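Participant: As input, take upload_23.pdb (PDB, C-alpha atoms and all ligand atoms):
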```
ATOM      1  CA  MET A   1      27.374   3.590  21.937
ATOM      2  CA  SER A   2      25.295   4.704  18.970
ATOM      3  CA  GLU A   3      24.618   1.040  18.276
ATOM      4  CA  ILE A   4      22.061   1.037  21.048
ATOM      5  CA  ASN A   5      19.530   2.805  18.866
ATOM      6  CA  THR A   6      20.269   0.850  15.730
ATOM      7  CA  SER A   7      19.675  -2.780  15.150
ATOM      8  CA  LYS A   8      19.476  -5.035  12.169
ATOM      9  CA  VAL A   9      17.960  -8.238  10.955
ATOM     10  CA  SER A  10      19.961 -10.245   8.462
ATOM     11  CA  ARG A  11      18.881 -13.323   6.553
ATOM     12  CA  TRP A  12      20.421 -15.353   3.769
ATOM     13  CA  ASP A  13      18.576 -16.448   0.689
ATOM     14  CA  GLN A  14      18.947 -19.826  -0.995
ATOM     15  CA  HIS A  15      21.864 -18.483  -3.048
ATOM     16  CA  GLY A  16      23.799 -17.594   0.080
ATOM     17  CA  ARG A  17      23.360 -13.853  -0.391
ATOM     18  CA  GLU A  18      22.894 -11.776   2.696
ATOM     19  CA  HIS A  19      20.005  -9.349   2.961
ATOM     20  CA  VAL A  20      19.941  -6.805   5.747
ATOM     21  CA  VAL A  21      17.103  -4.744   7.137
ATOM     22  CA  ARG A  22      18.118  -2.045   9.551
ATOM     23  CA  VAL A  23      15.924  -0.969  12.428
ATOM     24  CA  ARG A  24      16.369   2.590  13.624
ATOM     25  CA  ARG A  25      14.769   4.315  16.527
ATOM     26  CA  ALA A  26      13.676   7.891  16.173
ATOM     27  CA  GLY A  27      12.007   8.961  19.378
ATOM     28  CA  SER A  28       9.093   6.639  20.018
ATOM     29  CA  ARG A  29       8.947   5.494  16.402
ATOM     30  CA  ARG A  30      10.974   2.876  14.658
ATOM     31  CA  THR A  31      11.836   2.861  11.008
ATOM     32  CA  ILE A  32      12.945  -0.219   9.148
ATOM     33  CA  ARG A  33      14.842  -0.084   5.891
ATOM     34  CA  CYS A  34      16.006  -2.816   3.576
ATOM     35  CA  GLU A  35      19.537  -2.385   2.275
ATOM     36  CA  THR A  36      18.880  -4.653  -0.688
ATOM     37  CA  CYS A  37      15.933  -2.883  -2.309
ATOM     38  CA  GLY A  38      15.524   0.343  -0.359
ATOM     39  CA  TRP A  39      12.130  -0.656   1.033
ATOM     40  CA  CYS A  40      11.304   1.553   3.972
ATOM     41  CA  GLN A  41       8.514   1.483   6.507
ATOM     42  CA  GLY A  42       7.637   2.820   9.909
ATOM     43  CA  ALA A  43       6.930   0.208  12.519
ATOM     44  CA  GLN A  44       5.776   1.063  15.965
ATOM     45  CA  PHE A  45       5.591  -2.502  17.225
ATOM     46  CA  LEU A  46       7.719  -5.531  16.530
ATOM     47  CA  PRO A  47       9.859  -4.019  13.778
ATOM     48  CA  TRP A  48      11.979  -7.153  13.705
ATOM     49  CA  LEU A  49       8.993  -9.269  12.790
ATOM     50  CA  LYS A  50       8.141  -6.930   9.907
ATOM     51  CA  ALA A  51      11.749  -7.017   8.802
ATOM     52  CA  GLU A  52      11.765 -10.815   8.756
ATOM     53  CA  GLU A  53       8.488 -10.801   6.865
ATOM     54  CA  HIS A  54       9.895  -8.491   4.206
ATOM     55  CA  LEU A  55      13.069 -10.517   3.827
ATOM     56  CA  ALA A  56      11.080 -13.711   3.396
ATOM     57  CA  GLN A  57       8.506 -12.286   0.991
ATOM     58  CA  ALA A  58      10.619  -9.946  -1.117
ATOM     59  CA  HIS A  59      13.903 -11.817  -1.180
ATOM     60  CA  GLN A  60      13.053 -15.377  -0.140
ATOM     61  CA  ALA A  61      15.686 -14.885   2.515
ATOM     62  CA  THR A  62      14.746 -17.023   5.463
ATOM     63  CA  VAL A  63      18.024 -18.474   6.684
ATOM     64  CA  ASP A  64      19.228 -16.993   9.945
ATOM     65  CA  PRO A  65      23.031 -16.667   9.730
ATOM     66  CA  ALA A  66      23.236 -16.948  13.499
ATOM     67  CA  GLY A  67      21.871 -20.457  13.182
ATOM     68  CA  ALA A  68      19.050 -19.780  15.646
TER
HETATM   69 ZN    ZN B   1      14.123  -5.622   0.384
END
```
Could you render the structure as structure tokens?
Ligand SMILES: [Zn+2]
Facilitator:
Amino acid sequence: MSEINTSKVSRWDQHGREHVVRVRRAGSRRTIRCETCGWCQGAQFLPWLKAEEHLAQAHQATVDPAGA
């Protein structure tokens, strides 16, 4: 039930390590936080896109484990 307000984006890097960015909703704002490096940012729009961008740029993690 609490999962409704929390979401995550996970990507693998070329070494097969998983990196996870969590997206939390707090009222009308969303906050995204990287579990690998602690990077944290508010994102009002498209938090998942920002999360993917961070994972790609900071961790070279671009592989979607879901297979897309
Ligand atoms: Zn990070």
Participant: Can you list, as a VMD selection string, every protein, DNA or RNA residue that comes within 12 Å of Pro47 in chain A when you count only C-alpha atoms, leaving out same-chain residues fewer than 2 positions away?
Facilitator: chain A and resid 6 to 9 21 to 25 29 to 34 40 to 45 49 to 54
Participant: I'd like the interatomic distance between CA of Val20 in chain A and CA of Trp48 in chain A, to a tenth of an Å.
Facilitator: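 One can read the CA of Val20 in chain A to CA of Trp48 in chain A distance as 11.3 Å.
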Participant: Could you give me the residues within 7 Å of ligand ZN 1 (chain B), counting all atoms listed in the file, as a list of chain:residue names?
Facilitator: A:Cys34, A:Glu35, A:Thr36, A:Cys37, A:Gly38, A:Trp39, A:His54, A:Leu55, A:Ala58, A:His59
Participant: How would you write, as a PyMOL selection string, the residues chosen by the PyMOL selection byres (((chain A and resi 10-19) around 6) and not hetatm) on this structure?
Facilitator: chain A and resi 9+20+60-64
Participant: Report, as JSON, the centre and edge lengths in Å (one decimal) of the axis-aligned box enclosing every listed atom of range 27-32 of chain A, padded by 6 Å on each side.
Facilitator:
```
{"center_x": 10.9, "center_y": 4.4, "center_z": 14.6, "size_x": 16.0, "size_y": 21.2, "size_z": 22.9}
```
